[in-house]
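One file, upload19.tsv, is given below (TSV, C-alpha atoms).
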```tsv
chain	number	residue	atom	x	y	z
A	14	MET	CA	156.88	86.99	107.84
A	15	GLY	CA	155.07	89.52	105.74
A	16	LEU	CA	152.04	89.35	108.00
A	17	ILE	CA	153.98	90.57	110.98
A	18	LYS	CA	155.28	93.57	109.07
A	19	LYS	CA	151.73	94.46	108.18
A	20	VAL	CA	150.34	94.08	111.67
A	21	PRO	CA	153.16	95.08	113.97
A	22	VAL	CA	150.89	96.56	116.63
A	23	TYR	CA	149.22	93.47	117.84
A	24	ALA	CA	151.39	90.53	116.73
A	25	GLU	CA	154.76	89.55	118.10
A	26	ARG	CA	157.39	87.58	116.34
A	27	ILE	CA	158.71	84.46	117.98
A	28	PRO	CA	162.38	84.17	117.11
A	29	GLY	CA	162.88	81.39	114.60
A	30	GLY	CA	159.27	80.34	114.76
A	31	SER	CA	156.39	80.54	112.32
A	32	LEU	CA	153.63	81.31	114.79
A	33	VAL	CA	151.85	84.60	115.42
A	34	LEU	CA	150.83	85.20	118.98
A	35	THR	CA	148.31	87.74	120.07
A	36	THR	CA	145.56	88.08	122.65
A	37	LEU	CA	141.88	87.45	122.19
A	38	GLU	CA	141.24	90.92	123.55
A	39	THR	CA	143.31	92.59	120.85
A	40	VAL	CA	141.75	90.68	117.99
A	41	LEU	CA	138.24	91.16	119.32
A	42	HIS	CA	138.61	94.86	119.84
A	43	GLN	CA	140.35	95.39	116.52
A	44	GLY	CA	137.44	93.62	114.91
A	45	GLN	CA	134.89	95.66	116.83
A	46	ALA	CA	136.61	98.94	116.13
A	47	LYS	CA	136.83	98.29	112.42
A	48	SER	CA	133.33	97.06	111.83
A	49	LEU	CA	131.22	99.64	113.65
A	50	TRP	CA	127.85	99.36	112.02
A	51	TYR	CA	125.75	102.33	112.90
A	52	LEU	CA	122.03	102.70	113.21
A	53	LEU	CA	120.34	105.10	110.83
A	54	PHE	CA	119.08	107.67	113.29
A	55	GLY	CA	118.97	111.05	111.65
A	56	THR	CA	116.39	113.43	113.11
A	57	ALA	CA	117.45	116.82	111.79
A	58	CYS	CA	120.04	118.68	109.76
A	59	CYS	CA	123.00	116.72	111.24
A	60	ALA	CA	121.62	113.78	109.27
A	61	ILE	CA	122.48	115.62	106.06
A	62	GLU	CA	126.11	115.76	107.14
A	63	LEU	CA	125.88	112.11	108.16
A	64	MET	CA	124.59	111.20	104.71
A	65	CYS	CA	127.34	113.26	103.13
A	66	THR	CA	129.91	111.41	105.24
A	67	GLY	CA	128.42	108.12	104.13
A	68	ALA	CA	128.57	109.09	100.46
A	69	SER	CA	131.56	108.66	98.17
A	70	ARG	CA	133.29	111.98	98.83
A	71	TYR	CA	134.08	111.20	102.47
A	72	ASP	CA	133.54	107.45	102.26
A	73	PHE	CA	132.53	106.32	105.76
A	74	ASP	CA	132.96	102.75	104.60
A	75	ARG	CA	136.74	103.01	104.78
A	76	LEU	CA	136.44	103.03	108.58
A	77	GLY	CA	134.34	99.89	108.30
A	78	MET	CA	131.19	101.82	109.10
A	79	ILE	CA	128.09	100.72	107.28
A	80	PHE	CA	124.62	101.95	108.09
A	81	ARG	CA	122.06	99.48	109.31
A	82	ALA	CA	118.34	100.08	109.38
A	83	SER	CA	117.73	97.77	112.34
A	84	PRO	CA	118.97	98.22	115.91
A	85	ARG	CA	119.45	94.44	116.13
A	86	GLN	CA	122.30	94.65	113.64
A	87	ALA	CA	123.87	97.88	114.86
A	88	ASP	CA	126.77	98.49	117.25
A	89	LEU	CA	126.53	102.26	117.33
A	90	ILE	CA	123.90	104.97	117.35
A	91	ILE	CA	124.99	108.24	115.80
A	92	ALA	CA	122.30	110.51	117.22
A	93	ALA	CA	122.32	113.02	114.38
A	94	GLY	CA	119.90	115.82	115.09
A	95	THR	CA	117.56	117.37	117.60
A	96	ILE	CA	116.04	114.93	120.05
A	97	THR	CA	112.69	116.17	121.26
A	98	LYS	CA	111.01	115.05	124.46
A	99	LYS	CA	108.58	113.09	122.34
A	100	MET	CA	111.47	111.33	120.58
A	101	ALA	CA	113.49	110.61	123.73
A	102	PRO	CA	111.65	107.41	124.79
A	103	ARG	CA	111.98	106.12	121.23
A	104	LEU	CA	115.73	106.71	121.28
A	105	ARG	CA	115.96	104.86	124.57
A	106	ARG	CA	113.94	101.97	123.17
A	107	LEU	CA	116.20	101.69	120.11
A	108	TYR	CA	119.24	101.76	122.36
A	109	ASP	CA	117.78	99.00	124.51
A	110	GLN	CA	117.13	96.88	121.44
A	111	MET	CA	120.77	96.92	120.38
A	112	ALA	CA	123.02	94.03	121.31
A	113	GLU	CA	125.96	94.78	123.58
A	114	PRO	CA	128.60	96.08	123.25
A	115	ARG	CA	126.91	99.23	122.04
A	116	TYR	CA	128.12	102.77	121.66
A	117	VAL	CA	126.55	106.19	121.27
A	118	ILE	CA	127.89	109.22	119.46
A	119	ALA	CA	126.14	112.51	120.21
A	120	MET	CA	126.51	114.49	117.02
A	121	GLY	CA	125.91	118.23	117.04
A	122	GLY	CA	124.90	120.86	119.56
A	123	CYS	CA	121.30	119.69	119.96
A	124	THR	CA	122.25	116.27	121.23
A	125	ILE	CA	124.91	117.67	123.54
A	126	LYS	CA	122.91	120.35	125.38
A	127	GLY	CA	119.89	121.31	123.33
A	128	GLY	CA	121.92	123.49	120.97
A	129	PRO	CA	120.00	126.43	119.48
A	130	PHE	CA	116.83	125.13	121.18
A	131	TYR	CA	118.21	125.43	124.70
A	132	TYR	CA	116.28	128.63	125.38
A	133	ASP	CA	112.56	129.22	124.85
A	134	SER	CA	111.79	125.65	123.90
A	135	TYR	CA	109.32	123.36	125.60
A	136	ALA	CA	109.89	120.46	123.25
A	137	VAL	CA	113.63	119.78	123.00
A	138	GLU	CA	115.54	117.50	125.34
A	139	LYS	CA	118.52	119.32	126.83
A	140	GLY	CA	121.18	116.75	126.01
A	141	ILE	CA	120.74	113.07	125.17
A	142	ASP	CA	122.99	112.01	128.05
A	143	HIS	CA	119.83	112.21	130.15
A	144	ILE	CA	118.52	109.31	128.08
A	145	VAL	CA	121.42	107.10	127.00
A	146	PRO	CA	125.10	106.92	127.99
A	147	VAL	CA	127.18	108.82	125.46
A	148	ASP	CA	130.71	107.77	124.40
A	149	ILE	CA	131.73	110.56	122.06
A	150	TYR	CA	130.46	114.14	121.78
A	151	ILE	CA	130.96	115.91	118.45
A	152	PRO	CA	130.23	119.65	118.70
A	153	GLY	CA	129.12	121.73	115.75
A	154	CYS	CA	125.91	122.96	114.24
A	155	PRO	CA	126.03	120.76	112.30
A	156	PRO	CA	129.56	119.28	112.50
A	157	ARG	CA	131.35	118.92	109.19
A	158	PRO	CA	131.99	115.41	107.89
A	159	GLU	CA	135.64	115.74	108.92
A	160	SER	CA	134.55	116.25	112.53
A	161	LEU	CA	132.31	113.21	112.37
A	162	LEU	CA	135.12	111.12	110.92
A	163	GLU	CA	137.47	112.28	113.65
A	164	GLY	CA	134.86	111.50	116.28
A	165	CYS	CA	134.50	107.99	114.90
A	166	ILE	CA	138.26	107.52	114.89
A	167	HIS	CA	138.32	108.58	118.54
A	168	LEU	CA	135.63	106.02	119.25
A	169	GLN	CA	137.71	103.36	117.54
A	170	GLU	CA	140.68	104.33	119.70
A	171	LYS	CA	138.47	104.08	122.76
A	172	ILE	CA	137.26	100.63	121.76
A	173	LYS	CA	140.79	99.41	121.13
A	174	LYS	CA	141.85	100.56	124.59
A	175	GLN	CA	139.03	98.95	126.49
A	176	LYS	CA	139.38	95.75	128.46
A	177	LEU	CA	137.64	92.56	127.49
A	178	LEU	CA	134.96	92.65	130.14
A	179	ASP	CA	134.49	96.41	130.33
A	180	TRP	CA	131.21	96.49	128.51
A	181	GLN	CA	129.63	93.93	130.78
A	182	GLU	CA	129.95	96.28	133.70
A	183	LYS	CA	128.15	99.12	131.96
B	19	MET	CA	88.09	136.72	91.83
B	20	THR	CA	90.57	139.45	92.70
B	21	PRO	CA	90.89	140.38	96.39
B	22	ASP	CA	88.87	143.58	95.86
B	23	GLU	CA	86.06	141.75	94.11
B	24	LEU	CA	86.13	139.16	96.86
B	25	LYS	CA	85.81	141.84	99.54
B	26	ASP	CA	82.75	143.24	97.78
B	27	ALA	CA	81.20	139.81	97.32
B	28	VAL	CA	81.68	138.90	100.96
B	29	ALA	CA	80.38	142.29	102.09
B	30	GLY	CA	77.28	141.82	99.94
B	31	LYS	CA	76.47	138.34	101.17
B	32	LEU	CA	77.80	138.19	104.73
B	33	GLY	CA	78.33	141.85	105.50
B	34	ASP	CA	76.32	141.67	108.72
B	35	LYS	CA	78.43	138.85	110.15
B	36	MET	CA	81.93	139.48	108.80
B	37	SER	CA	83.76	142.78	109.28
B	38	LEU	CA	86.78	143.53	107.15
B	39	LEU	CA	90.00	144.31	108.99
B	40	ASP	CA	92.59	146.71	107.61
B	41	THR	CA	95.76	144.60	107.63
B	42	GLY	CA	97.49	145.90	104.48
B	43	ARG	CA	97.93	142.34	103.30
B	44	MET	CA	96.86	141.12	99.89
B	45	VAL	CA	94.64	138.39	101.30
B	46	PRO	CA	91.60	140.00	102.94
B	47	MET	CA	91.18	139.37	106.67
B	48	PHE	CA	87.79	139.39	108.34
B	49	GLU	CA	86.67	139.22	111.93
B	50	ILE	CA	83.64	137.27	113.02
B	51	SER	CA	82.08	136.49	116.35
B	52	ALA	CA	82.34	133.00	117.81
B	53	ALA	CA	78.56	132.59	117.76
B	54	ASN	CA	78.42	133.08	114.00
B	55	LEU	CA	81.32	130.78	113.16
B	56	LEU	CA	79.36	127.78	111.93
B	57	THR	CA	76.81	129.69	109.85
B	58	VAL	CA	79.51	131.86	108.27
B	59	ALA	CA	81.70	128.84	107.51
B	60	GLU	CA	78.82	127.00	105.92
B	61	SER	CA	77.90	130.00	103.76
B	62	LEU	CA	81.50	130.44	102.67
B	63	ARG	CA	81.68	126.84	101.59
B	64	ASP	CA	78.29	126.51	99.92
B	65	ASP	CA	77.77	129.88	98.22
B	66	ALA	CA	78.15	129.39	94.48
B	67	ALA	CA	80.14	132.59	93.95
B	68	LEU	CA	82.46	132.13	96.95
B	69	LYS	CA	82.76	128.33	97.20
B	70	PHE	CA	85.59	128.07	99.72
B	71	ASP	CA	86.12	124.33	99.37
B	72	TYR	CA	89.69	124.13	100.64
B	73	PHE	CA	90.79	124.55	104.27
B	74	CYS	CA	94.37	125.87	104.29
B	75	ASN	CA	95.25	126.53	107.88
B	76	LEU	CA	94.05	127.16	111.38
B	77	GLY	CA	96.24	128.83	113.95
B	78	ALA	CA	95.81	130.36	117.34
B	79	VAL	CA	97.42	133.50	118.73
B	80	ASP	CA	97.79	134.29	122.40
B	81	LYS	CA	97.38	138.05	122.78
B	82	THR	CA	97.66	137.87	126.59
B	83	GLU	CA	94.18	139.35	127.20
B	84	ARG	CA	92.47	137.26	124.51
B	85	PHE	CA	92.96	134.40	122.11
B	86	GLU	CA	92.51	134.66	118.36
B	87	ALA	CA	91.75	131.67	116.18
B	88	VAL	CA	92.81	132.46	112.61
B	89	TYR	CA	91.30	130.45	109.78
B	90	SER	CA	92.61	130.45	106.21
B	91	VAL	CA	90.39	129.07	103.49
B	92	ALA	CA	90.69	129.00	99.72
B	93	SER	CA	88.64	128.14	96.69
B	94	ILE	CA	90.13	125.70	94.23
B	95	VAL	CA	87.29	126.41	91.78
B	96	HIS	CA	87.47	130.22	91.82
B	97	LYS	CA	91.17	130.52	92.74
B	98	HIS	CA	90.81	132.98	95.60
B	99	ARG	CA	91.47	132.86	99.32
B	100	LEU	CA	90.56	134.69	102.48
B	101	ASP	CA	91.37	134.68	106.18
B	102	PHE	CA	89.08	135.24	109.08
B	103	LYS	CA	89.65	135.36	112.80
B	104	VAL	CA	87.54	134.70	115.84
B	105	ILE	CA	88.25	136.46	119.14
B	106	LEU	CA	88.06	134.20	122.17
B	107	ASP	CA	87.88	134.87	125.87
B	108	HIS	CA	91.23	134.26	127.59
B	109	ASP	CA	89.88	132.70	130.76
B	110	HIS	CA	87.52	130.17	129.16
B	111	PRO	CA	88.52	129.84	125.51
B	112	GLU	CA	86.01	127.70	123.67
B	113	ILE	CA	85.04	127.44	120.02
B	114	ASP	CA	82.86	125.28	117.78
B	115	SER	CA	84.48	122.66	115.62
B	116	VAL	CA	84.30	123.29	111.88
B	117	GLN	CA	85.25	119.76	110.94
B	118	GLU	CA	81.70	119.03	109.78
B	119	ILE	CA	82.18	121.77	107.20
B	120	TRP	CA	85.86	121.26	106.40
B	121	PRO	CA	87.08	117.82	107.56
B	122	ALA	CA	90.69	118.98	107.23
B	123	ALA	CA	90.18	121.15	110.33
B	124	ASN	CA	90.23	118.06	112.53
B	125	TRP	CA	93.95	117.91	113.26
B	126	TYR	CA	94.38	121.71	113.39
B	127	GLU	CA	91.73	121.85	116.07
B	128	ARG	CA	93.38	119.06	118.00
B	129	GLU	CA	96.67	120.95	117.81
B	130	MET	CA	95.00	124.14	119.02
B	131	TRP	CA	93.40	122.27	121.89
B	132	GLU	CA	96.65	120.60	122.86
B	133	LEU	CA	99.08	123.51	122.64
B	134	PHE	CA	96.81	126.43	123.62
B	135	GLY	CA	94.18	124.72	125.75
B	136	ILE	CA	91.33	126.08	123.64
B	137	ASN	CA	88.36	123.78	124.09
B	138	ILE	CA	86.73	122.61	120.85
B	139	ARG	CA	83.01	121.91	121.05
B	140	ASN	CA	81.63	118.90	119.14
B	141	HIS	CA	85.01	117.61	118.06
B	142	HIS	CA	84.96	113.88	117.31
B	143	ASN	CA	88.45	112.96	118.45
B	144	LEU	CA	89.94	115.47	120.84
B	145	THR	CA	93.04	113.51	121.86
B	146	ARG	CA	96.72	114.29	122.25
B	147	PHE	CA	99.12	113.67	119.42
B	148	LEU	CA	101.87	116.28	119.45
B	149	LEU	CA	103.14	116.45	123.01
B	150	PRO	CA	104.85	113.51	124.74
B	151	ASP	CA	102.56	110.74	125.93
B	152	ASP	CA	103.24	111.42	129.62
B	153	TRP	CA	103.02	115.21	129.35
B	154	ASP	CA	101.53	116.85	132.44
B	155	GLN	CA	102.78	120.42	132.16
B	156	GLY	CA	99.84	122.20	130.58
B	157	ASN	CA	99.61	124.08	127.33
B	158	PRO	CA	103.11	125.16	126.31
B	159	MET	CA	102.22	127.70	123.61
B	160	ARG	CA	100.50	130.00	126.06
B	161	ARG	CA	102.44	133.12	126.88
B	162	ASP	CA	102.17	132.66	130.64
B	163	TRP	CA	103.30	129.02	130.47
B	164	ASP	CA	106.27	127.90	132.51
B	165	ALA	CA	107.89	124.61	133.48
B	166	PRO	CA	110.78	123.56	135.76
B	167	ASP	CA	113.21	122.89	132.88
B	168	PHE	CA	112.02	125.73	130.68
B	169	GLU	CA	114.75	128.33	130.14
B	170	LYS	CA	113.81	131.83	129.08
B	171	LEU	CA	116.20	133.52	126.68
B	172	PRO	CA	118.15	136.00	128.84
B	173	GLU	CA	117.98	139.69	128.00
B	174	LEU	CA	120.97	140.59	125.85
```
I need this file expressed as structure tokens, please.
Amino acid sequence: MGLIKKVPVYAERIPGGSLVLTTLETVLHQGQAKSLWYLLFGTACCAIELMCTGASRYDFDRLGMIFRASPRQADLIIAAGTITKKMAPRLRRLYDQMAEPRYVIAMGGCTIKGGPFYYDSYAVEKGIDHIVPVDIYIPGCPPRPESLLEGCIHLQEKIKKQKLLDWQEK
Amino acid sequence: MTPDELKDAVAGKLGDKMSLLDTGRMVPMFEISAANLLTVAESLRDDAALKFDYFCNLGAVDKTERFEAVYSVASIVHKHRLDFKVILDHDHPEIDSVQEIWPAANWYEREMWELFGINIRNHHNLTRFLLPDDWDQGNPMRRDWDAPDFEKLPEL
């Protein structure tokens, strides 16, 4: 039973048997957590860190995260950069176009609370949680790729812990 | 033309309408009255020795008691540039459009109208393009502007 040694978390051995038993929930959420395709949504300098994370040095792909250019194919928005009031309805529209279950990571100070544009700015939205529900906040200005990776791992943990019908209630 | 030669040339041709300001900058800065804007702009563009055929920039400054519209123009042919400013009344700021002379001024004038509330006369397409579509909070680049979610930087 080599398979069971490889996947001890979510498979149980039946004594003397050759079957692997698990739940639909576990398999589904494992699959979701390890194939989080994210929407390309870089609006400012955080996008540079996002690109760096996606490149070979940090290798986002090893978490199963591949960028998609269409919201129809994406599971996750990484809001990387300042969201202005002009951009806010566009972000909401992209979020609405994504198929459920969908997740949002707020990357950097601007998306959390306006960041360096909190004061003396007429144009910047003070936090994207006014616009879309946020799952993970990653502080930093901009956050290093390590922070982004850790944020994504936390999101994967969150997905693995959720119940099958959780996202329908959102 | 060097800046000094340019100052002399402008003084010789448009000395009655443009007055040189002492800014200490390399690029000469002139002041003109709003009534003369169109004739001065046309002369700057069409004069063979000046030939300002390139419109670099247009900005507005809110000086609390007045507005200043600052134009930057350059000559590709003669490789020189100059700035000039127009003083505007703060209560009813209004200025002629120069887009017939320099078409590039179109969007700068729209921006000035949108962010400062300076009315542009004879502009072909004075519509909003920078602020959000449902914006109803006035002209945010004015110094006395305020809005419910606008946070002033606290005194440190």
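CA of Gly135 in chain B lies 23.1 Å from CA of Phe130 in chain A.
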Problem - Selected residue of minimal separation from chain A among B:Ile119, B:Leu149, B:Leu55, B:Ile50, counting only C-alpha atoms - result: B:Leu149
Practice task
Compile the residues of chain A that lie within 6 Å of chain B, evaluated using all atoms listed in the file, and express the compilation as a PyMOL selection string.
Solution key: chain A and resi 99+132-133
Practice task
Give me, please, the distance in Å between CA of Val116 in chain B and CA of Arg63 in chain B, quoted to one decimal.
Solution key: 11.2 Å
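Our summary of the geometry notes that CA of Val95 in chain B is positioned 15.7 Å from CA of Ala27 in chain B.
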Handout entry: For range 163-179 of chain A: contacts at 12 Å, only C-alpha atoms, fewer than 2 positions along chain excluded, given as a ChimeraX atom specification
Key = /A:22-23,36-51,63,66,71,73-78,88-91,113-121,147-153,156-161,181-183
Report as lines of an AutoDock Vina configuration file the centre and the edge lengths, in Å to one decimal, of the axis-aligned box holding every listed atom of range 142-152 of chain A, padded by 8 Å on each side.
```
center_x = 125.1
center_y = 113.3
center_z = 124.3
size_x = 29.2
size_y = 28.7
size_z = 27.7
```
Practice task
Please provide as a PyMOL selection string all residues within 7 Å of Lys98 in chain A, with the sequence filter that same-chain residues fewer than 2 positions apart are discarded (counting all atoms listed in the file).
Solution key: (chain A and resi 96+100-101+136-138) or (chain B and resi 150)
Let's have the selection written as a PDB file, keeping the file's coordinate frame, with C-alpha atoms.
```pdb
ATOM      1  CA  ILE A  96     116.040 114.930 120.050  1.00  0.00           C
ATOM      2  CA  MET A 100     111.470 111.330 120.580  1.00  0.00           C
ATOM      3  CA  ALA A 101     113.490 110.610 123.730  1.00  0.00           C
ATOM      4  CA  ALA A 136     109.890 120.460 123.250  1.00  0.00           C
ATOM      5  CA  VAL A 137     113.630 119.780 123.000  1.00  0.00           C
ATOM      6  CA  GLU A 138     115.540 117.500 125.340  1.00  0.00           C
TER       7      GLU A 138
ATOM      8  CA  PRO B 150     104.850 113.510 124.740  1.00  0.00           C
TER       9      PRO B 150
END
```
